[in-house]
>>> print(open('upload39.cif').read())   # mmCIF, C-alpha atoms
data_run
loop_
_atom_site.label_atom_id
_atom_site.label_comp_id
_atom_site.auth_asym_id
_atom_site.auth_seq_id
_atom_site.Cartn_x
_atom_site.Cartn_y
_atom_site.Cartn_z
CA MET A 1 141.47 65.80 138.46
CA ALA A 2 140.71 68.33 135.72
CA ASP A 3 140.73 71.89 137.03
CA PHE A 4 137.17 73.15 136.49
CA ASP A 5 135.01 75.41 138.64
CA ARG A 6 132.64 72.62 139.59
CA ALA A 7 131.23 74.74 142.41
CA ALA A 8 130.04 77.30 139.85
CA LEU A 9 128.23 74.64 137.83
CA VAL A 10 126.47 73.45 141.00
CA GLU A 11 125.69 77.03 142.07
CA TYR A 12 124.24 78.18 138.77
CA GLY A 13 122.20 75.01 138.38
CA ARG A 14 120.54 75.78 141.69
CA LYS A 15 120.12 79.41 140.70
CA LEU A 16 118.21 78.33 137.58
CA VAL A 17 115.67 76.54 139.76
CA ASP A 18 115.55 79.20 142.48
CA ALA A 19 114.97 81.94 139.89
CA GLY A 20 112.13 79.97 138.31
CA LEU A 21 114.04 79.51 135.06
CA THR A 22 113.70 75.73 135.05
CA LYS A 23 112.34 72.89 137.18
CA GLY A 24 113.78 69.71 138.66
CA THR A 25 116.22 68.20 136.20
CA GLY A 26 115.12 70.30 133.21
CA GLY A 27 118.24 71.74 131.65
CA ASN A 28 122.02 71.45 131.85
CA LEU A 29 125.14 73.57 132.26
CA SER A 30 128.73 73.22 131.12
CA LEU A 31 132.15 74.86 130.98
CA PHE A 32 134.85 74.42 128.34
CA ASP A 33 138.62 74.42 128.74
CA ARG A 34 139.62 75.43 125.25
CA GLU A 35 143.34 74.93 125.82
CA ARG A 36 142.92 71.29 126.85
CA GLY A 37 139.82 70.55 124.80
CA LEU A 38 137.87 69.38 127.85
CA MET A 39 134.26 70.04 128.86
CA ALA A 40 132.76 69.83 132.35
CA ILE A 41 129.00 69.22 132.30
CA THR A 42 126.22 68.53 134.77
CA PRO A 43 125.03 64.91 135.09
CA SER A 44 121.85 63.43 133.67
CA GLY A 45 118.70 62.95 135.73
CA ILE A 46 119.76 64.53 139.04
CA ASP A 47 117.78 67.38 140.56
CA PHE A 48 119.84 70.57 140.51
CA HIS A 49 119.56 70.92 144.28
CA ASP A 50 120.96 67.41 144.70
CA ILE A 51 123.96 67.76 142.38
CA ARG A 52 127.34 67.81 144.10
CA GLU A 53 130.73 68.83 142.73
CA SER A 54 131.71 65.15 142.56
CA ASP A 55 128.77 64.52 140.19
CA ILE A 56 130.18 66.79 137.47
CA VAL A 57 131.36 64.86 134.40
CA VAL A 58 134.40 65.79 132.30
CA MET A 59 134.49 64.87 128.60
CA ASP A 60 137.03 65.34 125.85
CA SER A 61 136.42 67.03 122.49
CA GLU A 62 135.36 63.71 120.96
CA GLY A 63 132.65 63.14 123.56
CA LYS A 64 134.49 60.55 125.65
CA VAL A 65 134.08 60.66 129.42
CA VAL A 66 137.53 61.14 130.96
CA GLU A 67 136.48 61.89 134.53
CA GLY A 68 133.43 61.26 136.69
CA ALA A 69 131.23 58.30 137.61
CA ARG A 70 127.92 59.83 136.56
CA THR A 71 126.23 59.75 133.16
CA PRO A 72 126.67 63.14 131.46
CA SER A 73 123.66 65.21 130.46
CA SER A 74 121.85 63.76 127.47
CA GLU A 75 122.43 67.12 125.76
CA TRP A 76 126.23 66.92 125.92
CA GLN A 77 126.51 66.89 122.13
CA MET A 78 124.69 70.23 121.90
CA HIS A 79 127.11 71.77 124.39
CA LEU A 80 130.24 70.31 122.81
CA GLU A 81 129.26 71.23 119.27
CA THR A 82 128.57 74.79 120.42
CA TYR A 83 132.08 75.06 121.84
CA LEU A 84 133.73 73.61 118.77
CA ALA A 85 131.85 76.02 116.48
CA ARG A 86 132.04 79.12 118.67
CA PRO A 87 135.47 80.24 119.95
CA ASP A 88 133.73 83.13 121.76
CA ILE A 89 131.77 80.77 124.03
CA ASP A 90 133.23 78.89 127.01
CA ALA A 91 130.07 78.44 129.10
CA VAL A 92 126.68 77.08 127.98
CA ILE A 93 123.34 76.91 129.77
CA HIS A 94 120.24 75.09 128.53
CA ALA A 95 117.00 75.65 130.45
CA HIS A 96 113.26 75.10 130.19
CA THR A 97 112.14 78.66 130.89
CA MET A 98 108.42 79.35 130.69
CA TYR A 99 107.91 82.19 128.18
CA ALA A 100 110.89 81.46 125.93
CA THR A 101 109.59 77.89 125.72
CA VAL A 102 106.11 79.18 124.87
CA LEU A 103 107.61 80.95 121.85
CA ALA A 104 109.65 77.84 121.05
CA CYS A 105 106.45 75.77 121.04
CA LEU A 106 104.85 78.30 118.71
CA ARG A 107 108.08 78.15 116.70
CA GLU A 108 108.19 81.91 116.75
CA PRO A 109 111.50 83.76 117.18
CA LEU A 110 111.80 86.45 119.83
CA PRO A 111 111.96 89.74 117.92
CA ALA A 112 113.46 92.99 119.18
CA THR A 113 110.37 94.25 121.00
CA HIS A 114 112.58 95.14 123.97
CA TYR A 115 116.11 96.48 123.69
CA MET A 116 117.43 93.96 126.23
CA VAL A 117 117.13 91.28 123.55
CA ALA A 118 120.53 92.67 122.54
CA VAL A 119 122.23 90.61 125.26
CA ALA A 120 121.69 87.71 122.84
CA GLY A 121 121.72 89.48 119.46
CA VAL A 122 119.42 91.50 117.23
CA ASP A 123 116.78 88.81 117.89
CA VAL A 124 116.58 85.24 119.16
CA PRO A 125 115.85 82.68 116.39
CA VAL A 126 114.24 79.26 116.67
CA ALA A 127 116.24 76.14 115.83
CA GLU A 128 114.55 73.49 113.72
CA TYR A 129 113.01 70.74 115.83
CA ALA A 130 114.87 67.54 116.62
CA THR A 131 114.56 64.99 119.42
CA TYR A 132 116.40 65.93 122.60
CA GLY A 133 119.86 64.46 123.08
CA THR A 134 120.41 63.77 119.38
CA PRO A 135 123.19 64.95 117.06
CA GLU A 136 120.45 66.53 114.91
CA LEU A 137 119.39 68.82 117.74
CA ALA A 138 123.01 69.80 118.33
CA HIS A 139 123.49 70.65 114.64
CA ASN A 140 120.21 72.58 114.45
CA ALA A 141 120.94 74.58 117.59
CA VAL A 142 124.45 75.60 116.54
CA LYS A 143 123.28 76.53 113.04
CA ALA A 144 120.41 78.69 114.30
CA MET A 145 122.57 80.40 116.95
CA ALA A 146 125.11 81.69 114.42
CA GLY A 147 125.73 85.36 115.15
CA ARG A 148 123.71 85.14 118.38
CA ARG A 149 124.32 84.14 122.00
CA ALA A 150 120.99 82.42 122.47
CA VAL A 151 118.57 80.30 120.50
CA LEU A 152 115.11 78.87 121.12
CA LEU A 153 114.90 75.11 120.69
CA ALA A 154 111.62 74.27 118.96
CA ASN A 155 109.11 72.66 121.36
CA HIS A 156 111.83 72.43 123.99
CA GLY A 157 113.51 75.43 125.65
CA ILE A 158 116.41 77.86 125.41
CA LEU A 159 120.16 77.52 124.86
CA ALA A 160 122.56 80.35 125.71
CA GLY A 161 126.32 80.73 125.64
CA ALA A 162 128.90 83.26 126.82
CA ALA A 163 132.48 83.56 128.02
CA ASP A 164 131.49 82.46 131.53
CA LEU A 165 128.54 81.12 133.51
CA LEU A 166 127.69 84.52 134.98
CA ASN A 167 127.03 86.00 131.55
CA ALA A 168 125.38 82.85 130.17
CA PHE A 169 122.97 82.95 133.12
CA ASN A 170 122.35 86.65 132.53
CA ILE A 171 121.45 85.94 128.90
CA VAL A 172 118.97 83.23 129.90
CA GLU A 173 117.43 85.54 132.51
CA GLU A 174 117.14 88.57 130.21
CA VAL A 175 115.83 86.61 127.23
CA GLU A 176 113.19 85.04 129.46
CA TYR A 177 112.16 88.50 130.70
CA CYS A 178 111.94 89.81 127.12
CA ALA A 179 109.97 86.74 126.06
CA GLN A 180 107.51 87.30 128.89
CA VAL A 181 107.07 90.97 127.97
CA HIS A 182 106.62 90.02 124.32
CA CYS A 183 104.00 87.35 125.06
CA ILE A 184 102.02 89.67 127.33
CA ALA A 185 102.25 92.51 124.80
CA LYS A 186 100.92 90.18 122.09
CA SER A 187 97.93 89.33 124.29
CA VAL A 188 97.07 93.05 124.53
CA GLY A 189 97.89 94.24 121.04
CA THR A 190 100.67 94.21 118.45
CA PRO A 191 104.16 94.74 119.86
CA VAL A 192 106.29 97.29 118.01
CA GLU A 193 109.67 95.94 116.96
CA LEU A 194 112.76 98.09 117.20
CA PRO A 195 114.49 98.66 113.83
CA LEU A 196 117.60 96.70 112.93
CA SER A 197 119.71 99.88 113.01
CA GLU A 198 118.72 100.47 116.64
CA MET A 199 119.51 96.90 117.63
CA GLU A 200 122.88 97.01 115.87
CA GLY A 201 123.64 100.12 117.92
CA MET A 202 122.59 98.26 121.04
CA LEU A 203 124.98 95.43 120.23
CA GLU A 204 127.83 97.95 120.22
CA ARG A 205 126.70 99.48 123.51
CA PHE A 206 126.29 96.04 125.08
CA LYS A 207 129.90 95.10 124.37
CA THR A 208 130.58 96.87 127.67
CA TYR A 209 127.20 97.55 129.32
CA GLY A 210 125.83 94.08 128.68
CA GLN A 211 128.83 92.18 130.05
CA LYS A 212 128.69 91.25 133.73
CA THR A 213 131.67 90.65 136.00
CA GLU A 214 131.85 88.96 139.39
CA TYR A 215 131.42 91.30 142.34
CA LYS A 216 134.72 91.87 144.12
CA GLU A 217 134.23 92.96 147.75
CA GLU A 218 137.77 94.23 148.10
CA ALA A 219 137.19 96.72 145.26
CA CYS A 220 134.62 98.52 147.44
CA GLN A 221 136.74 98.78 150.55
#
>>> encode(input="upload39.cif", output="structure tokens")
Amino acid sequence: MADFDRAALVEYGRKLVDAGLTKGTGGNLSLFDRERGLMAITPSGIDFHDIRESDIVVMDSEGKVVEGARTPSSEWQMHLETYLARPDIDAVIHAHTMYATVLACLREPLPATHYMVAVAGVDVPVAEYATYGTPELAHNAVKAMAGRRAVLLANHGILAGAADLLNAFNIVEEVEYCAQVHCIAKSVGTPVELPLSEMEGMLERFKTYGQKTEYKEEACQ
């Protein structure tokens, strides 16, 4: 059996729902073993609170299922293509968050109206629309996410990637917060965007500040 942290995929899938970042079966999560060229991904059509470790599907770099009895997420191509194009990303989360999806339906990128956008980049662009689960969507998402760690999928949702699930989840959470602030600010007036120079400075600061690590209880003893 391929050595993946299946428990983490189950845990973070449930966290997406519990945090109000997606509903039911809306979204998918994966991990990539770059050395072996294998991807572990959540199954298709199972509620996140019903997914078990045994439901996780393992695929090779050509998209062939090598382990697991379930059907992999319909978005597996989007995850795999992200890994193959981005050596800095080993964990991907796709979710149907409310406010980021509102912007995606408007086909409006999330600009730097809050400095926390820097967890994803100087802004969060929108990928050109394509039907879910298609190679076209995978290509569009990877292209639009170049130089970023998140992208809005037109009329669909959000895709985020990082070195691990903890940071991928953090990106989804922070981008959703910034999208909510931006949408509310637009309803009141005209949000003021931070200049590119400020956001580039934030990217440097976030190389340490913006990266989360797992809490280690023994370190506090």
>>> residues_around(input="upload39.cif", residues="range 67-81 of chain A", least_positions_apart="6", cutoff="8 Å", atoms="only C-alpha atoms", output="list in words")
Met1, Ala2, Asn28, Ser30, Met39, Ile41, Thr42, Pro43, Ser44, Gly45, Ser54, Asp55, Ile56, Val57, Val58, Met59, Ser61, Val92, Tyr132, Gly133, Thr134, Pro135, Leu137, Ala138, His139, Ala141 and Val142 of chain A
>>> residues_around(input="upload39.cif", residues="range 183-187 of chain A", least_positions_apart="4", cutoff="12 Å", atoms="all atoms listed in the file", output="PyMOL selection string")
chain A and resi 98-104+106+108-111+113-114+176-179+191-193
>>> write_last_selection(input="upload39.cif", atoms="C-alpha atoms", output="mmCIF file, in the coordinates of the input")
data_model
loop_
_atom_site.group_PDB
_atom_site.id
_atom_site.type_symbol
_atom_site.label_atom_id
_atom_site.label_comp_id
_atom_site.auth_asym_id
_atom_site.auth_seq_id
_atom_site.Cartn_x
_atom_site.Cartn_y
_atom_site.Cartn_z
ATOM 1 C CA MET A 98 108.420 79.350 130.690
ATOM 2 C CA TYR A 99 107.910 82.190 128.180
ATOM 3 C CA ALA A 100 110.890 81.460 125.930
ATOM 4 C CA THR A 101 109.590 77.890 125.720
ATOM 5 C CA VAL A 102 106.110 79.180 124.870
ATOM 6 C CA LEU A 103 107.610 80.950 121.850
ATOM 7 C CA ALA A 104 109.650 77.840 121.050
ATOM 8 C CA LEU A 106 104.850 78.300 118.710
ATOM 9 C CA GLU A 108 108.190 81.910 116.750
ATOM 10 C CA PRO A 109 111.500 83.760 117.180
ATOM 11 C CA LEU A 110 111.800 86.450 119.830
ATOM 12 C CA PRO A 111 111.960 89.740 117.920
ATOM 13 C CA THR A 113 110.370 94.250 121.000
ATOM 14 C CA HIS A 114 112.580 95.140 123.970
ATOM 15 C CA GLU A 176 113.190 85.040 129.460
ATOM 16 C CA TYR A 177 112.160 88.500 130.700
ATOM 17 C CA CYS A 178 111.940 89.810 127.120
ATOM 18 C CA ALA A 179 109.970 86.740 126.060
ATOM 19 C CA PRO A 191 104.160 94.740 119.860
ATOM 20 C CA VAL A 192 106.290 97.290 118.010
ATOM 21 C CA GLU A 193 109.670 95.940 116.960
#
>>> residues_around(input="upload39.cif", residues="Tyr209 in chain A", least_positions_apart="4", cutoff="12 Å", atoms="all atoms listed in the file", output="PyMOL selection string")
chain A and resi 116+118-119+167+202-205+213
>>> atom_distance(input="upload39.cif", atom1="CA of Tyr83 in chain A", atom2="CA of Asn170 in chain A")
18.5 Å
>>> residues_around(input="upload39.cif", residues="Asp50 in chain A", least_positions_apart="4", cutoff="9 Å", atoms="all atoms listed in the file", output="MDAnalysis selection string")
chainID A and resid 10 14 46
>>> residues_around(input="upload39.cif", residues="Leu38 in chain A", least_positions_apart="2", cutoff="10 Å", atoms="all atoms listed in the file", output="MDAnalysis selection string")
chainID A and resid 2:4 31:36 40:41 58:66 80
>>> resolve_selection(input="upload39.cif", expression="the PyMOL selection byres ((chain A and resi 166) around 10)", output="list of chain:residue names")
A:Ala8, A:Tyr12, A:Ala91, A:Ala162, A:Ala163, A:Asp164, A:Leu165, A:Asn167, A:Ala168, A:Phe169, A:Asn170, A:Ile171, A:Gln211, A:Lys212, A:Thr213, A:Glu214
>>> atom_distance(input="upload39.cif", atom1="CA of Ala146 in chain A", atom2="CA of Leu9 in chain A")
24.6 Å
>>> atom_distance(input="upload39.cif", atom1="CA of Gly37 in chain A", atom2="CA of Asp90 in chain A")
10.9 Å
>>> resolve_selection(input="upload39.cif", expression="the PyMOL selection byres ((chain A and resi 155) around 7)", output="compact mmCIF listing (two decimals) with C-alpha atoms, in the frame of the given file")
# COMPACT_ATOMS: atom_id res chain seq x y z
CA THR A 101 109.59 77.89 125.72
CA ALA A 104 109.65 77.84 121.05
CA CYS A 105 106.45 75.77 121.04
CA LEU A 153 114.90 75.11 120.69
CA ALA A 154 111.62 74.27 118.96
CA HIS A 156 111.83 72.43 123.99
CA GLY A 157 113.51 75.43 125.65
>>> closest_residue(input="upload39.cif", among="A:Ala19, A:Ile89, A:Ala112, A:Leu159", to="Val126 in chain A", atoms="only C-alpha atoms")
A:Leu159
>>> resolve_selection(input="upload39.cif", expression="the PyMOL selection byres ((chain A and resi 22) around 6)", output="number ranges by chain")
A: 16-17, 20-21, 23, 26, 95-97
>>> closest_residue(input="upload39.cif", among="A:Ala7, A:Met199, A:Val117, A:Leu29", to="Arg52 in chain A", atoms="all atoms listed in the file")
A:Ala7
>>> closest_residue(input="upload39.cif", among="A:Asp123, A:Arg107, A:Val172, A:Gly13", to="Glu53 in chain A", atoms="only C-alpha atoms")
A:Gly13
>>> closest_residue(input="upload39.cif", among="A:Gly161, A:Asn140, A:Asp18, A:Ala85", to="Ala120 in chain A", atoms="only C-alpha atoms")
A:Gly161
